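Engineer: If you scroll down you'll find the structure; I have some questions about it.
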Amino acid sequence: MFSVLRRNVGRRGVRLLSSLAEPKEPVLRTAIPGPLSMAALDRLSQLQDTRAALFAGDYTKSVGNYIADADGNMLLDMYCQIASIPVGYNNPRLLQAAQSPEMATMLVNRPALGVFPSTEWSAVLEKAFMRVAPAGLDMVFTTAHGSDANELAFKAAFMHHAHKRRGARAWSDKELASVMDNQEPGAPDAAIVSFSHGFHGRTFGALSATRSKAIHKLDIPAFKSWPRVPFPQLQYPLDKFSAENAIEEKRCVDELERVLRTHPVPVAAIIVEPVQSEGGDRHASPEFFRAIRSITRELDVLMIVDEVQTGCGATGTFWAHEQWDLPEAPDMVTFSKKMQAAGFFHTRQLVPDQA
């Protein structure tokens, strides 16, 4: 049984306690969506577009693996929202942490952490992030959400790439002037390579790297010089198609190398998911990812591993890429969702030389 302490505050601040218990099986009281859900969505539709909404959730009654709706239905949530709930709805320890004075102080004061970090921020980073940092990555940059994590990883890649091209000199007057018109040399042309069927978010840069569904990208301007390369389409069962799958993975690796060597726009980084989740539960072998790492290292292109979906223990190791046995760590690993926070781990070499 997954039981949780639920707290309600009365007029005089007296806390009333009750408990939630995870049901043994789903409970269906109405059709989905039920009348109360439809009424709630109708009200909401006056303020927001609700066409994608399936029902109205009741998060005061959701518990463990079960999500409650407005009509009292309890549904087994196989997807944990969108892979974003690590230990179930209304987890007691997370609820307790959310009510802590430390959390309240951070929420109320909304510190600009890059300019005014709190006295405790380094300890928070050590305890919350660096204790689970991927091997070889000794710094972390925190962000707001998964798309943001990938977006800022791209910016870090572009700044690193520009630094290599510019050398140690400071920005020129021409660079400082031209960038205000979105022109070179201040806004140099450079690219991020991503894989077919990959999903990296819906902000502008992340969306240009996303290749999963056309509906995500339609009508939105894109970085047109960012190339797409194929991700392996493996055949199953693996033991019966080992030869065919090896040929397929080599085809994709060869195409990646060809693009990195010949693309007319310089490539700053590639981004890849350990498992293409949004793109259809698509996998590749550790050998495939090791080959990617070898090529990117040889050609001096950064490798970003997008673990927004797979990170935080979803695949049997804390980070899915740990199972690849890479010869060298990726340059950046992005995270969000189940981590209940977002950002990217990176090497110290990616800290910009000018700020």
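Ligands are numbered from 1 in the order shown, chains are lettered A, B, ... in the order of the structure tokens, and residues start at 1 in each chain.
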Please provide the set of residues having any atom within 12 Å of Arg261 in chain A, restricted to only C-alpha atoms, with same-chain residues fewer than 5 positions apart removed, written as number ranges by chain.
Structural biologist: A: 254-256, 266-267, 295-296, 298-301
Engineer: Near Leu28 in chain A, counting only C-alpha atoms, which residues have an atom at most 9 Å away, once you skip same-chain residues fewer than 2 positions from it, shown as a PyMOL selection string?
Structural biologist: chain A and resi 26+30-32+72-75
Engineer: Just C-alpha atoms for this one: save the residues we selected as a PDB file, in the first residue's frame.
Structural biologist:
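Writing the result to selection.pdb gives the following:
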ATOM      1  CA  PRO A  26      -8.362   0.874 -11.548  1.00  0.00           C
ATOM      2  CA  THR A  30     -18.095   7.038 -15.423  1.00  0.00           C
ATOM      3  CA  ALA A  31     -17.061   7.158 -19.040  1.00  0.00           C
ATOM      4  CA  ILE A  32     -13.813   9.006 -19.748  1.00  0.00           C
ATOM      5  CA  GLY A  72     -13.755   9.875  -9.065  1.00  0.00           C
ATOM      6  CA  ASN A  73     -12.226   7.531 -11.634  1.00  0.00           C
ATOM      7  CA  MET A  74      -8.820   6.107 -10.649  1.00  0.00           C
ATOM      8  CA  LEU A  75      -6.676   5.269 -13.667  1.00  0.00           C
TER       9      LEU A  75
END
Engineer: If we count only C-alpha atoms and set the cut-off at 10 Å, which residues sit around Arg282 in chain A, ignoring sequence neighbours fewer than 6 positions away in its own chain? Please answer as a PyMOL selection string.
Structural biologist: chain A and resi 197-198+231-234+273-276
Engineer: Would you export the selected residues with C-alpha atoms as a tab-separated table (two decimals), in the first residue's frame, please?
Structural biologist:
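Final output, saved to out-v1.tsv:
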chain	number	residue	atom	x	y	z
A	197	HIS	CA	12.41	10.55	-35.01
A	198	GLY	CA	14.21	12.34	-32.16
A	231	PHE	CA	18.57	6.70	-36.43
A	232	PRO	CA	18.72	2.90	-36.70
A	233	GLN	CA	15.49	0.99	-37.29
A	234	LEU	CA	16.33	-2.28	-35.57
A	273	GLU	CA	18.55	10.30	-27.02
A	274	PRO	CA	19.50	6.94	-25.49
A	275	VAL	CA	15.95	5.78	-26.29
A	276	GLN	CA	13.78	7.67	-28.72
Engineer: Just checking: using only C-alpha atoms, which residue out of A:Ala329, A:Cys312, A:Ala56, A:Ala341 ends up closest to Val132 in chain A?
Structural biologist: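 For Val132 in chain A, the nearest of the given residues is A:Cys312.
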Engineer: From the list A:His283, A:Pro134, A:Gly186, A:Leu36, which residue is nearest Thr317 in chain A when using only C-alpha atoms?
Structural biologist: A:Pro134
Engineer: Apply DSSP to the backbone of this structure and, from range 187-260 of chain A, keep only the residues in strand (DSSP E); write these as an mmCIF file with N, CA and C atoms, in the first residue's frame.
Structural biologist:
data_model
loop_
_atom_site.group_PDB
_atom_site.id
_atom_site.type_symbol
_atom_site.label_atom_id
_atom_site.label_comp_id
_atom_site.auth_asym_id
_atom_site.auth_seq_id
_atom_site.Cartn_x
_atom_site.Cartn_y
_atom_site.Cartn_z
ATOM 1 N N ALA A 191 25.589 24.773 -36.860
ATOM 2 C CA ALA A 191 24.482 23.814 -36.865
ATOM 3 C C ALA A 191 24.575 22.830 -35.712
ATOM 4 N N ILE A 192 23.399 22.291 -35.377
ATOM 5 C CA ILE A 192 23.262 21.143 -34.495
ATOM 6 C C ILE A 192 22.716 19.998 -35.338
ATOM 7 N N VAL A 193 23.340 18.847 -35.255
ATOM 8 C CA VAL A 193 22.863 17.654 -35.962
ATOM 9 C C VAL A 193 21.997 16.838 -35.012
ATOM 10 N N SER A 194 20.830 16.425 -35.491
ATOM 11 C CA SER A 194 19.964 15.550 -34.707
ATOM 12 C C SER A 194 19.529 14.373 -35.569
ATOM 13 N N PHE A 195 18.837 13.423 -34.940
ATOM 14 C CA PHE A 195 18.510 12.156 -35.590
ATOM 15 C C PHE A 195 17.026 12.065 -35.944
ATOM 16 N N ARG A 228 19.553 16.576 -40.527
ATOM 17 C CA ARG A 228 19.009 15.390 -39.885
ATOM 18 C C ARG A 228 19.745 14.174 -40.430
ATOM 19 N N VAL A 229 20.093 13.244 -39.545
ATOM 20 C CA VAL A 229 20.718 11.986 -39.956
ATOM 21 C C VAL A 229 19.848 10.833 -39.458
#
Engineer: Among range 46-253 of chain A, which ones does DSSP assign to helix (DSSP H, G or I) (computed from the backbone)? Answer as a PDB file with C-alpha atoms, in the first residue's frame.
Structural biologist:
ATOM      1  CA  CYS A  80       3.726   8.982 -15.164  1.00  0.00           C
ATOM      2  CA  GLN A  81       2.284  12.127 -16.760  1.00  0.00           C
ATOM      3  CA  ILE A  82       4.901  12.510 -19.525  1.00  0.00           C
ATOM      4  CA  ALA A  83       7.690  10.522 -17.842  1.00  0.00           C
ATOM      5  CA  PRO A  92       4.994  11.554   1.188  1.00  0.00           C
ATOM      6  CA  ARG A  93       8.695  12.436   1.191  1.00  0.00           C
ATOM      7  CA  LEU A  94       8.313  14.819  -1.728  1.00  0.00           C
ATOM      8  CA  LEU A  95       5.309  16.444  -0.067  1.00  0.00           C
ATOM      9  CA  GLN A  96       7.332  16.842   3.097  1.00  0.00           C
ATOM     10  CA  ALA A  97      10.234  18.419   1.183  1.00  0.00           C
ATOM     11  CA  ALA A  98       7.846  20.741  -0.647  1.00  0.00           C
ATOM     12  CA  PRO A 101      11.240  26.301   4.968  1.00  0.00           C
ATOM     13  CA  GLU A 102      14.062  25.999   2.441  1.00  0.00           C
ATOM     14  CA  MET A 103      11.619  25.331  -0.409  1.00  0.00           C
ATOM     15  CA  ALA A 104       9.312  28.138   0.714  1.00  0.00           C
ATOM     16  CA  THR A 105      12.186  30.617   0.847  1.00  0.00           C
ATOM     17  CA  MET A 106      13.333  29.762  -2.682  1.00  0.00           C
ATOM     18  CA  LEU A 107       9.793  29.930  -4.100  1.00  0.00           C
ATOM     19  CA  VAL A 108       8.864  33.204  -2.441  1.00  0.00           C
ATOM     20  CA  ASN A 109      12.103  35.051  -3.240  1.00  0.00           C
ATOM     21  CA  TRP A 121      23.314  27.175  -3.417  1.00  0.00           C
ATOM     22  CA  SER A 122      26.638  25.354  -3.731  1.00  0.00           C
ATOM     23  CA  ALA A 123      25.522  22.874  -1.061  1.00  0.00           C
ATOM     24  CA  VAL A 124      22.222  22.386  -2.890  1.00  0.00           C
ATOM     25  CA  LEU A 125      24.057  21.668  -6.145  1.00  0.00           C
ATOM     26  CA  GLU A 126      26.362  19.192  -4.443  1.00  0.00           C
ATOM     27  CA  LYS A 127      23.565  17.359  -2.652  1.00  0.00           C
ATOM     28  CA  ALA A 128      20.894  17.418  -5.335  1.00  0.00           C
ATOM     29  CA  MET A 130      26.594  16.430  -8.275  1.00  0.00           C
ATOM     30  CA  ARG A 131      26.073  13.313  -6.171  1.00  0.00           C
ATOM     31  CA  VAL A 132      24.427  11.756  -9.268  1.00  0.00           C
ATOM     32  CA  GLY A 146      13.642  19.953 -20.537  1.00  0.00           C
ATOM     33  CA  SER A 147      13.329  22.023 -23.709  1.00  0.00           C
ATOM     34  CA  ASP A 148      15.197  24.784 -21.930  1.00  0.00           C
ATOM     35  CA  ALA A 149      17.941  22.362 -20.908  1.00  0.00           C
ATOM     36  CA  ASN A 150      18.527  21.351 -24.530  1.00  0.00           C
ATOM     37  CA  GLU A 151      18.202  24.927 -25.759  1.00  0.00           C
ATOM     38  CA  LEU A 152      20.900  26.156 -23.365  1.00  0.00           C
ATOM     39  CA  ALA A 153      23.100  23.158 -24.114  1.00  0.00           C
ATOM     40  CA  PHE A 154      22.953  24.252 -27.764  1.00  0.00           C
ATOM     41  CA  LYS A 155      23.966  27.775 -26.753  1.00  0.00           C
ATOM     42  CA  ALA A 156      26.896  26.385 -24.779  1.00  0.00           C
ATOM     43  CA  ALA A 157      27.930  24.362 -27.825  1.00  0.00           C
ATOM     44  CA  PHE A 158      27.751  27.383 -30.115  1.00  0.00           C
ATOM     45  CA  MET A 159      29.725  29.578 -27.729  1.00  0.00           C
ATOM     46  CA  HIS A 160      32.390  26.888 -27.424  1.00  0.00           C
ATOM     47  CA  HIS A 161      32.498  26.489 -31.202  1.00  0.00           C
ATOM     48  CA  ALA A 162      32.820  30.247 -31.751  1.00  0.00           C
ATOM     49  CA  HIS A 163      35.575  30.455 -29.157  1.00  0.00           C
ATOM     50  CA  LYS A 164      37.577  27.800 -31.022  1.00  0.00           C
ATOM     51  CA  ARG A 165      37.201  29.715 -34.287  1.00  0.00           C
ATOM     52  CA  ARG A 166      37.972  33.103 -32.745  1.00  0.00           C
ATOM     53  CA  ASP A 173      33.686  45.858 -32.913  1.00  0.00           C
ATOM     54  CA  LYS A 174      32.344  44.289 -36.123  1.00  0.00           C
ATOM     55  CA  GLU A 175      31.069  41.263 -34.207  1.00  0.00           C
ATOM     56  CA  LEU A 176      29.446  43.427 -31.560  1.00  0.00           C
ATOM     57  CA  ALA A 177      27.711  45.567 -34.198  1.00  0.00           C
ATOM     58  CA  SER A 178      26.641  42.845 -36.649  1.00  0.00           C
ATOM     59  CA  VAL A 179      25.057  40.643 -34.007  1.00  0.00           C
ATOM     60  CA  MET A 180      22.428  43.317 -33.330  1.00  0.00           C
ATOM     61  CA  ASP A 181      21.171  42.743 -36.899  1.00  0.00           C
ATOM     62  CA  PHE A 204      12.866  27.325 -31.113  1.00  0.00           C
ATOM     63  CA  GLY A 205      16.262  25.653 -31.131  1.00  0.00           C
ATOM     64  CA  ALA A 206      14.999  22.441 -29.563  1.00  0.00           C
ATOM     65  CA  LEU A 207      12.168  22.316 -32.089  1.00  0.00           C
ATOM     66  CA  SER A 208      14.594  22.652 -34.993  1.00  0.00           C
ATOM     67  CA  ALA A 209      16.370  19.570 -33.639  1.00  0.00           C
ATOM     68  CA  ALA A 214       5.300  17.149 -38.178  1.00  0.00           C
ATOM     69  CA  ILE A 215       2.493  18.648 -36.074  1.00  0.00           C
ATOM     70  CA  HIS A 216       5.068  19.818 -33.522  1.00  0.00           C
ATOM     71  CA  LYS A 217       6.971  21.808 -36.144  1.00  0.00           C
ATOM     72  CA  LEU A 238      17.623  -8.928 -31.657  1.00  0.00           C
ATOM     73  CA  ASP A 239      19.274 -12.344 -31.553  1.00  0.00           C
ATOM     74  CA  LYS A 240      17.669 -13.324 -34.871  1.00  0.00           C
ATOM     75  CA  SER A 242      22.052  -9.351 -35.333  1.00  0.00           C
ATOM     76  CA  ALA A 243      23.666  -9.216 -38.796  1.00  0.00           C
ATOM     77  CA  GLU A 244      20.919  -7.045 -40.296  1.00  0.00           C
ATOM     78  CA  ASN A 245      20.971  -4.686 -37.328  1.00  0.00           C
ATOM     79  CA  ALA A 246      24.743  -4.307 -37.495  1.00  0.00           C
ATOM     80  CA  ILE A 247      24.424  -3.305 -41.148  1.00  0.00           C
ATOM     81  CA  GLU A 248      21.652  -0.831 -40.308  1.00  0.00           C
ATOM     82  CA  GLU A 249      23.647   0.780 -37.510  1.00  0.00           C
ATOM     83  CA  LYS A 250      26.727   1.056 -39.714  1.00  0.00           C
ATOM     84  CA  ARG A 251      24.615   2.767 -42.383  1.00  0.00           C
ATOM     85  CA  CYS A 252      23.515   5.375 -39.859  1.00  0.00           C
ATOM     86  CA  VAL A 253      27.010   5.874 -38.447  1.00  0.00           C
TER      87      VAL A 253
END
Engineer: Rounded to one decimal in Å, what is the spacing between CA of Ala53 in chain A and CA of Gln309 in chain A?
Structural biologist: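 Between these atoms lies a distance of 21.2 Å.
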Engineer: Please, what distance in Å, to one decimal, runs between CA of Phe116 in chain A and CA of Thr203 in chain A?
Structural biologist: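 Result for CA of Phe116 in chain A versus CA of Thr203 in chain A: 26.4 Å, one decimal.
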Engineer: One number please: CA of Ala314 in chain A to CA of Tyr79 in chain A, in Å, one decimal.
Structural biologist: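 One can read the CA of Ala314 in chain A to CA of Tyr79 in chain A distance as 11.5 Å.
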Engineer: Which is closest to Gly311 in chain A among A:Phe335, A:Phe223, A:Tyr89, A:Phe141, if we use only C-alpha atoms?
Structural biologist: A:Phe335
